[in-house]
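Down below is the structure, laid out as structure tokens.
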Amino acid sequence: MNNRAYTGRIGLEGILLVLAPLPILFVVCEGNPWGLRIETLLAGGASLLLLASSVTLLRRPGIGKLLGILAVILGYISTLHFVLGSQSETLAVTVLFIAAFFAFFDFAPKITNNPSTAPSRSIRRSFWGSLVLIPFLLINMFLQTFDIRYAPWLVAISVLLSFVMYLHCALLFKSLWRVLMSLVLVFFLSTSLQAGLYSSSYFLGAIMVVMQLVLLPRQKEKFEPREQWWEVLLTHPARVLLTTFLILCFCGTLLLLIPVTHFDAQISAVDAAFTSVSAVCVTGLIVLDTPLDFTVAGQSVILLLIQLGGLGIMSITTVALHVMGRRMSLKQERLMTSMTDTPHKDLIKSLATILKYTFIVEFIGAVILTLLFYRYGDTVGYAVYRGLFTSVSAFCNAGFALQSDSLIPYQSQPLILHTVGLLIILGGIAPAVALIIPKWLAGKVIPIPARIALVTTVIMLVSGMLVVLIFEWNGFLEGLSIFDKIQNAWFQSVTLRTAGFNSVDISQCDSPTFLVMIIYMFIGGSPGGTAGGIKTTTVGILAITFWANIMNRRDVIVQNRRIDPTTVFRAVTIVISGIIIWLAGLLMLEVTQQLPARELVFEITSAIATVGLTIGATPHLDEIGKVIIIIAMFVGRIGPMTLFMLLSDDSSSGSSQCLDEKISLT
């Protein structure tokens with residue numbers, strides 16, 4: 001039996017039951033009387049459907065899911081009238097209902113009808129129903145709904161429904177004293193409501209719910225292994241990635257809101273979150289000027305977020321545990337090998353190599369840049385600080401700079417440009433690939449994945465430089481010497497893929513250059529590195545598959561090795577999932593932002609590919625636009641396919657025994 005599924009599915013029944021009055025409550029709190037208005041009827045229908053879904057979801061899953069989905073749709077329609085005037089409220093409500101829709105869509109009960117599990121199921125149902133009711137009560141208290149006549153009664157219905165589930169538990173365990181204590185609270189709650197003491201009724205309702213949680217009977221469940229609630233988030237690679245990056249982004253936001261980290265008296269939470277997510281997701285898009293708006297403390301926080309986001313918290317933690325002599329559990333080791341695509345026996349060695357490679361390259365880059373910055377006029381202390389910051393930012397492909405105009409002041413300084421460019425390249429490919437470059441240059445045979453990554457990278461770098469030179473010779477490269485044009489074209493080709501630095505003003509780029517930039521940003525860097533995008537190996541695999549089909553070959557062969565069809569399927573899935581997320585983000589920006597389509601296309605591509613370049617849209621985004629870009633950067637960092645993997649089960653399905661079907665495609 002799947003313990004996670006068992007816990008969550010049973011709990012969902014209780015959650016739906018106590019939240020059934022929520023749609024009507026929302027309409028009432030918006031000032032809609034109990035007239036026969038369409039919003040009230042829709043909300044009432046949604047509440048009834050939620051109630052019906054909570055009863056049928058486990059007994060008749062198909063019907064329960066359908067009722068729940070219909071409830072979500074009716075609830076969403078009923079709220080549109082009240083939130084359409086505010087973009088932020090519209091987005092928040094839309095995201096909430098989309099999440100609810102997928103929760104019902106992904107529902108798959110995995111429980112048994114064993115009568116011995118009935119007490120435990122009742123406890124689970126009551127526990128989760130009461131638990132979700134606590135924030136429900138707090139939200140109503142903060143909304144100041146005490147003066148609305150019907151709202152407290154609707155909240156009391158939710159409390160009463162939770163009490164019914166609790167009462168069922170108490171009766172199953174024949175616990176009379178538990179029943180009596182709750183009945184006393186119900187009496188006081190009803191008395192306060194009848195007397196019009198609405199604030200007291202919320203308070204008493206909260207006490208009643210808390211007491212239900214405390215007084216719930218305890219039963220040791222022998223039919224399933226014990227599992228902590230937080231393990232649900234840490235037993236699946238997709239959930240681990242999402243959870244760790246989400247926690248890091250949240251902590252970074254809190255740190256950047258501390259007054260000592262910025263010069264202004266106060267910065268908005270959205271701007272702090274935007275900066276934190278951009279740093280953790282090693283993107284580089286900014287709504288606040290890093291050197292002007294943040295103090296040294298704030299810049300240090302950003303630098304730390306870049307380093308942790310680039311390396312990954314899990315990699316650092318794994319190696320740290322190994323250094324301290326502590327071993328991971330088998331489940332943790334299996335999870336890490338799945339996330340890093342590394343054999344079990346080589347896990348620690350591979351992660352240690354990543355950390356050593358990262359810190360050595362960053363240190364060498366920081367030393368070189370420190371000497372160069374000092375040579376070009378910085379004091380010793382500031383040169384060291386800027387050298388370290390730029391080296392880490394470049395290696396992690398983050399694009400944050402301590403100059404307001406990035407590297408434009410150094411467009412005629414080839415040593416700085418090429419040092420930063422080399423750091424970007426070394427950070428954008430996997431350490432294992434970077435370490436065998438000398439062997440590859442010597443003409444020796446190297447592993448096929450590394451060969452595909454290196455060949456695709458070289459083709460993109462050279463072709464990108466030629467495109468910039470050809471189409472921007474009299475464009476943003478105008479006014480530079482021939483030598484500076486070549487080196488800046490090379491640098492833009494390097495940084496274009498995911499780094500986010502710029503040595504020239506790209507806002508007025510020509511249309512052909514713009515199209516190539518979009519494609520190159522979408523492709524990004526190589527797997528195993530700090531770069532974003534769909535990755536060079538994905539494009540390489542698709543290109544090889546394309547050529548094999550053109551040549552009418554049944555199999556995809558590289559260096560006398562057959563590429564597994566599942567690899568091709570995965571490459572196609574990565575591209576399609578990336579396009580879906582890109583289109584969704586672009587449509588949301590087009591609907592909410594009054595900016596040219598050209599700028600929005602560039603902005604959403606840069607965010608999803610974690611590039612960090614902009615042609616002018618970022619400073620003009622409103623609050624809703626910033627939230628959309630925040631989500632795009634986050635999804636781009638964890639990977640669009642990872643987002644869709646959240647809908648999958650932990651186990652993979654076996655091979656199919658179905659007959660083949662031939663489908664015409666031309």
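Residue numbering restarts at 1 for every chain of the structure tokens, chains are lettered A, B, ... in their displayed order, and ligands are numbered from 1 as they appear.
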request  = Give me the residues within 10 Å of Val260 (chain A) as an MDAnalysis selection string, counting only C-alpha atoms and dropping any in the same chain fewer than 2 places off.
outcome  = chainID A and resid 255:258 262:265 294:298
query = So which residues touch region 278-280 of chain A within 7 Å, counting only C-alpha atoms, skipping near sequence neighbours fewer than 2 positions away, as a list in words?
reply = Cys249, Phe274, Thr275, Ser276, Val282, Thr283, Gly284, Leu285, Ile302, Leu305, Ile306, Leu308, Gly309, Ala398 and Met633 of chain A
request  = Identify, on the basis of only C-alpha atoms, every residue whose closest approach to Gln413 (chain A) does not exceed 10 Å; exclude the query and any residue fewer than 3 positions from it along the same chain; express the result as a ChimeraX atom specification.
outcome  = /A:372,376,407-410,416-418,484,487-488
Those selected residues, please, written with N, CA, C and O atoms and delivered as an mmCIF file, in the first residue's frame.
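Output (result06.cif):
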```cif
data_model
loop_
_atom_site.group_PDB
_atom_site.id
_atom_site.type_symbol
_atom_site.label_atom_id
_atom_site.label_comp_id
_atom_site.auth_asym_id
_atom_site.auth_seq_id
_atom_site.Cartn_x
_atom_site.Cartn_y
_atom_site.Cartn_z
ATOM 1 N N LEU A 372 42.836 42.335 -13.165
ATOM 2 C CA LEU A 372 42.408 43.166 -14.299
ATOM 3 C C LEU A 372 41.647 44.396 -13.815
ATOM 4 O O LEU A 372 41.873 45.510 -14.314
ATOM 5 N N TYR A 376 42.713 48.390 -14.211
ATOM 6 C CA TYR A 376 41.893 49.403 -14.880
ATOM 7 C C TYR A 376 41.305 50.426 -13.915
ATOM 8 O O TYR A 376 40.318 51.084 -14.235
ATOM 9 N N LEU A 407 28.786 44.861 -18.549
ATOM 10 C CA LEU A 407 30.192 44.929 -18.959
ATOM 11 C C LEU A 407 30.416 45.883 -20.125
ATOM 12 O O LEU A 407 31.460 45.827 -20.781
ATOM 13 N N ILE A 408 29.462 46.757 -20.383
ATOM 14 C CA ILE A 408 29.628 47.737 -21.472
ATOM 15 C C ILE A 408 30.860 48.620 -21.258
ATOM 16 O O ILE A 408 31.577 48.933 -22.220
ATOM 17 N N PRO A 409 31.188 49.040 -20.021
ATOM 18 C CA PRO A 409 32.412 49.840 -19.842
ATOM 19 C C PRO A 409 33.684 49.107 -20.249
ATOM 20 O O PRO A 409 34.720 49.746 -20.448
ATOM 21 N N TYR A 410 33.642 47.798 -20.380
ATOM 22 C CA TYR A 410 34.844 47.018 -20.696
ATOM 23 C C TYR A 410 34.762 46.390 -22.088
ATOM 24 O O TYR A 410 35.436 45.404 -22.359
ATOM 25 N N ILE A 416 39.236 41.132 -19.941
ATOM 26 C CA ILE A 416 38.074 40.986 -19.060
ATOM 27 C C ILE A 416 36.962 40.222 -19.767
ATOM 28 O O ILE A 416 36.360 39.283 -19.210
ATOM 29 N N LEU A 417 36.681 40.605 -21.023
ATOM 30 C CA LEU A 417 35.602 39.948 -21.759
ATOM 31 C C LEU A 417 35.861 38.460 -21.935
ATOM 32 O O LEU A 417 34.975 37.616 -21.731
ATOM 33 N N HIS A 418 37.077 38.104 -22.301
ATOM 34 C CA HIS A 418 37.361 36.700 -22.574
ATOM 35 C C HIS A 418 37.505 35.882 -21.295
ATOM 36 O O HIS A 418 37.220 34.675 -21.292
ATOM 37 N N ASP A 484 37.509 44.960 -31.981
ATOM 38 C CA ASP A 484 36.499 45.021 -30.923
ATOM 39 C C ASP A 484 35.164 44.449 -31.390
ATOM 40 O O ASP A 484 34.426 43.848 -30.601
ATOM 41 N N GLN A 487 35.562 40.589 -31.099
ATOM 42 C CA GLN A 487 35.560 40.062 -29.742
ATOM 43 C C GLN A 487 34.232 40.298 -29.031
ATOM 44 O O GLN A 487 33.792 39.455 -28.233
ATOM 45 N N ASN A 488 33.536 41.407 -29.325
ATOM 46 C CA ASN A 488 32.227 41.632 -28.718
ATOM 47 C C ASN A 488 31.165 40.729 -29.331
ATOM 48 O O ASN A 488 30.231 40.312 -28.629
#
```
key: Given only C-alpha atoms as the counted atoms, nearest of A:Leu19, A:Cys281, A:Val611, A:Val95 to Leu160 (chain A)   =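 Answer, going by the shortest atom-to-atom distance: A:Leu19.
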ask   = Any idea what the distance is between CA of Val591 (chain A) and CA of Ile98 (chain A)?
value =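 Between CA of Val591 (chain A) and CA of Ile98 (chain A) the gap works out to 17.7 Å.
Compared by their closest atoms to Ala531 (chain A), and using only C-alpha atoms, the residues A:His620, A:Arg562, A:Arg637, A:Lys439 rank with A:Arg637 nearest.
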task = Grab the CA of Ile436 (chain A) to CA of Thr457 (chain A) distance for me, in Å with one decimal place.
result =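 Interatomic distance here is 14.5 Å.
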Residues of region 445-490 of chain A that approach region 509-515 of chain A to 8 Å or less, counting only C-alpha atoms: could you list each one with the shortest pair of atoms and its distance in Å to one decimal, rows by chain and increasing residue number, as a Markdown table?
```
| residue | atom | partner | partner_atom | distance |
| --- | --- | --- | --- | --- |
| A:Val467 | CA | A:Thr513 | CA | 6.7 |
| A:Val468 | CA | A:Thr513 | CA | 6.4 |
| A:Phe471 | CA | A:Thr513 | CA | 6.4 |
| A:Glu472 | CA | A:Asp510 | CA | 7.0 |
| A:Gly475 | CA | A:Cys509 | CA | 6.8 |
| A:Phe476 | CA | A:Cys509 | CA | 6.6 |
```
May I have the selected residues written with C-alpha atoms, as a CSV table (one decimal), in the first residue's frame?
```csv
chain,number,residue,atom,x,y,z
A,467,VAL,CA,25.3,36.0,-37.1
A,468,VAL,CA,26.0,38.9,-34.7
A,471,PHE,CA,23.7,41.5,-39.0
A,472,GLU,CA,25.0,43.9,-36.4
A,475,GLY,CA,24.0,47.9,-35.8
A,476,PHE,CA,25.0,47.8,-32.1
```
query = Could you pull out the alpha helix (DSSP H) residues of region 323-540 of chain A from DSSP and send them as a VMD selection string?
reply = chain A and resid 323 330 to 340 347 to 375 380 to 395 414 to 428 431 to 435 437 to 441 448 to 472 482 to 496 511 to 523 536 to 540
request  = Write down as a PyMOL selection string the residues of region 410-655 of chain A whose backbone DSSP state falls under strand (DSSP E).
outcome  = chain A and resi 557-558+561-562
inquiry  = What does the structure give for the distance between CA of Ile69 (chain A) and CA of Ile576 (chain A), in Å to one decimal?
reply    = 26.0 Å
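Shortest separation to Arg598 (chain A) among A:Phe522, A:Gln508, A:Thr536, A:Leu422 occurs at residue A:Gln508, atoms counted being only C-alpha atoms.
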message = Under the rule that only C-alpha atoms are counted, which of A:Ser526, A:Ser350, A:Thr379, A:Ser78 is the nearest residue to Pro449 (chain A)?
response =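 Among A:Ser526, A:Ser350, A:Thr379, A:Ser78, it is A:Ser526 that comes nearest to Pro449 (chain A).
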